Amino acid sequence: MYDVVVIGSGAAGIMSAITAAKAQKRVLLLEKMPKIGLKLKATGGGKCNITNMLELDDFINSFGRQGRFMRDALSRFYHDDLLKFLSNIGLQTHAPDGFRVFPISHNSKSVLNVLIAQMEKLHVEIACNQNVQKIEAQNSQNYSIYTETDIYESKNIIIATGGLGYSTLGASGDGYRFAKSFGHSVNELYAAMLPLHVEESWVKNCRADTIAKATLKINLPKMQKIRKSGDLIFTKNGIRGPVVLDFAREVTPLLKKYKKVPMLVNFTKGMNEENSLNFLKEEAKNDPQNSIVEILKKILPESLSIEICNLADIDFNMPCAKINGVKKEKLIKLLAWTPLNVIGHDGFDKAMITRGGVSLREIDPRTMQSKIAKGIYFCGEVVDLDGPCGGYNLQWSFSSGYLAGCLLGT
Ligand SMILES: Cc1cc2nc3c(=O)[nH]c(=O)nc-3n(C[C@H](O)[C@H](O)[C@H](O)COP(=O)(O)OP(=O)(O)OC[C@H]3O[C@@H](n4cnc5c(N)ncnc54)[C@H](O)[C@@H]3O)c2cc1C
């Protein structure tokens, strides 16, 4: 009989196991994959962006309306606590840009190694290749956990099974099934943080280009306020890059509803129509014979300059001064906002985050315990919370794992 069985060895599960073991609980950590922490190891392109230095309220707001739920967990264990904890167990961290925090080694393995060493020190029992199939309540305070090969008994269970993204790293959505088996509702699941596909085939001609500081907004009524800025990269059928990852979590729920999501992109580092008009006028005055593509190349990559001319129905070799008024107006509008229509995405296998999850209404934010089944706790990505890129999601996993591991309310 264990005090607690933790299902899932991601940031949330490991943190909860360590916290419970520190409180002298007998802890078993079950992981279906052959090794623990595979997703943690893959984070930040192998560098692991552990957290960021945002003020608590701003951090909470970054998760949208649902963010309020996190206040208890974050107040107990926020970035200062996490970094102090990691430092105490031997991991040095730094924030090279003053915001995003990484291990000084810039190697996620060093994060995983200190966490494993800490679990060993605290005698957390770890069992890999243990794919939990079902959980059964034996009585009001005793659960049986069935894997393909074994049955374990525990007073408490922490469900830290993550989301649906990257099945190669262990994601399967089992946690949602377990939650439902206890009567929890699971809010609709969407792939988030992933490359998007667009209707416009011209993007493939710009495949090699990275656009710094592009701004994306959704071109639907009441939604133009949703804007993101950052680096964008064209792909053979759409767009990817940091700004797209953040934007995608806003787009995928709309895509399900509308099938096509119109958006507008500023590729010109924020130039508006007036700036574009002045820029073209100035260039035409300085060198009236210079072709429009040579002018646009001063602010955009060549391939994109050509495609924008095509969209404006302008021969890109034409001198700027000779372009007629209607076409020039079209060009100016396109330089301020180029339309793209999102029609799909790369799917859960390329989604770094899952939007949606176990409903927050049925979880006590002060403990992370189920309001329906005593002794059942949730933490990490399995619950209905998702944040932007930049250490937000790992911090939430560590904070909620810490709170769940306190086993308050049992
Ligand atoms: C490629 C990539 C890069 C990322 N980079 C960053 C980053 O730099 N910074 C950041 O903040 N966020 C990043 N994220 C997001 C972040 O990794 C996740 O939000 C976070 O790891 C979720 O942690 P978790 O513990 O909730 O779940 P996970 O880490 O997904 O762990 C869940 C574990 O449960 C196991 N499991 C599932 N079902 C069962 C079962 N039935 N039985 C037993 N075990 C089971 C899985 O195998 C898995 O090991 C990244 C995500 C990806 C995919």
# chains A, B, ... in the order shown; residues from 1 in each chain; ligands from 1
>>> residues_around(residues="Glu148 in chain A", least_positions_apart="6", cutoff="8 Å", atoms="only C-alpha atoms", output="ChimeraX atom specification")
/A:130-133
>>> select_by_dssp(residues="range 267-405 of chain A", states="strand (DSSP E or B)", output="VMD selection string")
chain A and resid 291 319 338 to 345 353 to 358 363 369 to 370 376 to 378 383
>>> write_last_selection(atoms="C-alpha atoms", output="PDB file, in the first residue's frame")
ATOM      1  CA  SER A 291      12.314  48.628 -59.820  1.00  0.00           C
ATOM      2  CA  PRO A 319       9.878  51.233 -61.689  1.00  0.00           C
ATOM      3  CA  THR A 338      -1.171  40.765 -45.971  1.00  0.00           C
ATOM      4  CA  PRO A 339      -4.142  38.356 -45.804  1.00  0.00           C
ATOM      5  CA  LEU A 340      -3.609  34.667 -45.116  1.00  0.00           C
ATOM      6  CA  ASN A 341      -6.308  32.071 -44.443  1.00  0.00           C
ATOM      7  CA  VAL A 342      -5.577  29.265 -41.991  1.00  0.00           C
ATOM      8  CA  ILE A 343      -7.161  26.025 -43.179  1.00  0.00           C
ATOM      9  CA  GLY A 344      -5.397  23.410 -41.065  1.00  0.00           C
ATOM     10  CA  HIS A 345      -2.457  22.488 -38.882  1.00  0.00           C
ATOM     11  CA  ILE A 353       0.714  21.972 -25.913  1.00  0.00           C
ATOM     12  CA  THR A 354      -2.873  20.781 -25.635  1.00  0.00           C
ATOM     13  CA  ARG A 355      -5.560  23.398 -25.126  1.00  0.00           C
ATOM     14  CA  GLY A 356      -8.474  22.124 -23.041  1.00  0.00           C
ATOM     15  CA  GLY A 357      -8.430  19.323 -20.488  1.00  0.00           C
ATOM     16  CA  VAL A 358      -9.902  18.290 -17.147  1.00  0.00           C
ATOM     17  CA  ILE A 363     -10.696  20.548  -9.040  1.00  0.00           C
ATOM     18  CA  GLN A 369      -7.577  17.492  -5.385  1.00  0.00           C
ATOM     19  CA  SER A 370     -10.656  16.307  -7.233  1.00  0.00           C
ATOM     20  CA  ILE A 376      -7.435  11.859  -6.601  1.00  0.00           C
ATOM     21  CA  TYR A 377      -5.218  14.821  -7.592  1.00  0.00           C
ATOM     22  CA  PHE A 378      -4.432  16.403 -10.962  1.00  0.00           C
ATOM     23  CA  VAL A 383      -5.915  20.137 -16.598  1.00  0.00           C
TER      24      VAL A 383
END
>>> residues_around(residues="Pro388 in chain A", least_positions_apart="4", cutoff="8 Å", atoms="only C-alpha atoms", output="list in words")
Ser62, Phe63, Asp246, Tyr392 and Asn393 of chain A
>>> write_last_selection(atoms="C-alpha atoms", output="PDB file, in the first residue's frame")
ATOM      1  CA  SER A  62      -1.053  35.187 -19.791  1.00  0.00           C
ATOM      2  CA  PHE A  63      -3.194  32.081 -19.338  1.00  0.00           C
ATOM      3  CA  ASP A 246       1.802  31.362 -29.698  1.00  0.00           C
ATOM      4  CA  TYR A 392       4.978  29.290 -18.822  1.00  0.00           C
ATOM      5  CA  ASN A 393       3.844  25.705 -19.206  1.00  0.00           C
TER       6      ASN A 393
END
>>> closest_atom_pairs(of="range 170-196 of chain A", to="range 250-265 of chain A", cutoff="12 Å", atoms="only C-alpha atoms", output="tab-separated table")
residue	atom	partner	partner_atom	distance
A:Asn187	CA	A:Pro253	CA	11.8
A:Glu188	CA	A:Pro253	CA	9.0
A:Leu189	CA	A:Pro253	CA	8.7
A:Tyr190	CA	A:Thr252	CA	6.3
A:Ala191	CA	A:Thr252	CA	6.7
A:Ala192	CA	A:Thr252	CA	6.8
A:Met193	CA	A:Glu250	CA	9.3
A:Leu194	CA	A:Thr252	CA	9.6
A:Pro195	CA	A:Thr252	CA	10.7
A:Leu196	CA	A:Thr252	CA	8.9
>>> write_last_selection(atoms="C-alpha atoms", output="PDB file, in the first residue's frame")
ATOM      1  CA  ASN A 187     -13.259  20.327 -21.887  1.00  0.00           C
ATOM      2  CA  GLU A 188     -12.725  20.091 -25.625  1.00  0.00           C
ATOM      3  CA  LEU A 189      -9.131  19.360 -26.619  1.00  0.00           C
ATOM      4  CA  TYR A 190      -7.290  21.333 -29.303  1.00  0.00           C
ATOM      5  CA  ALA A 191      -3.787  21.040 -30.676  1.00  0.00           C
ATOM      6  CA  ALA A 192      -1.916  24.204 -29.714  1.00  0.00           C
ATOM      7  CA  MET A 193       1.564  25.560 -30.348  1.00  0.00           C
ATOM      8  CA  LEU A 194       2.161  24.060 -33.751  1.00  0.00           C
ATOM      9  CA  PRO A 195       2.717  25.039 -37.400  1.00  0.00           C
ATOM     10  CA  LEU A 196      -0.365  26.228 -39.297  1.00  0.00           C
TER      11      LEU A 196
END
>>> residues_around(residues="Asp364 in chain A", least_positions_apart="4", cutoff="12 Å", atoms="only C-alpha atoms", output="JSON, numbers by chain")
{"A": [69, 70, 71, 72, 73, 359, 360, 368, 369, 370, 371, 372, 373, 374, 375, 376, 377, 378, 379, 383, 400, 403, 404, 407, 408, 409]}
>>> select_by_dssp(residues="range 162-317 of chain A", states="helix (DSSP H, G or I)", output="PyMOL selection string")
chain A and resi 167-169+174-181+201-206+242-258+273-286+292-296+302-311
>>> closest_residue(among="A:Glu120, A:Phe178, A:Leu164, A:Lys213", to="Glu136 in chain A", atoms="only C-alpha atoms")
A:Phe178
>>> atom_distance(atom1="CA of Trp202 in chain A", atom2="CA of Trp337 in chain A")
15.8 Å
>>> closest_residue(among="A:Pro34, A:Gly270, A:Gly387, A:Gly170", to="ligand 1", atoms="only C-alpha atoms and all ligand atoms")
A:Gly170
>>> atom_distance(atom1="CA of Thr43 in chain A", atom2="CA of Val5 in chain A")
24.9 Å
>>> decode(residues="range 385-406 of chain A", atoms="C-alpha atoms", output="short mmCIF file (atom, residue, chain, number, x, y, z; two decimals), in the first residue's frame")
data_model
loop_
_atom_site.label_atom_id
_atom_site.label_comp_id
_atom_site.auth_asym_id
_atom_site.auth_seq_id
_atom_site.Cartn_x
_atom_site.Cartn_y
_atom_site.Cartn_z
CA LEU A 385 -4.84 25.37 -18.68
CA ASP A 386 -2.34 26.34 -21.34
CA GLY A 387 0.08 29.22 -21.52
CA PRO A 388 2.17 30.85 -24.23
CA CYS A 389 5.73 29.93 -25.24
CA GLY A 390 8.49 30.97 -22.87
CA GLY A 391 8.64 28.79 -19.77
CA TYR A 392 4.98 29.29 -18.82
CA ASN A 393 3.84 25.71 -19.21
CA LEU A 394 6.75 24.12 -17.35
CA GLN A 395 6.35 26.58 -14.49
CA TRP A 396 2.69 25.62 -14.26
CA SER A 397 3.62 21.92 -14.27
CA PHE A 398 6.18 22.40 -11.50
CA SER A 399 3.87 24.62 -9.41
CA SER A 400 0.79 22.42 -9.71
CA GLY A 401 2.93 19.31 -9.16
CA TYR A 402 4.31 20.84 -6.00
CA LEU A 403 0.84 21.67 -4.68
CA ALA A 404 -0.60 18.25 -5.58
CA GLY A 405 2.39 16.56 -3.91
CA CYS A 406 1.58 18.36 -0.65
#
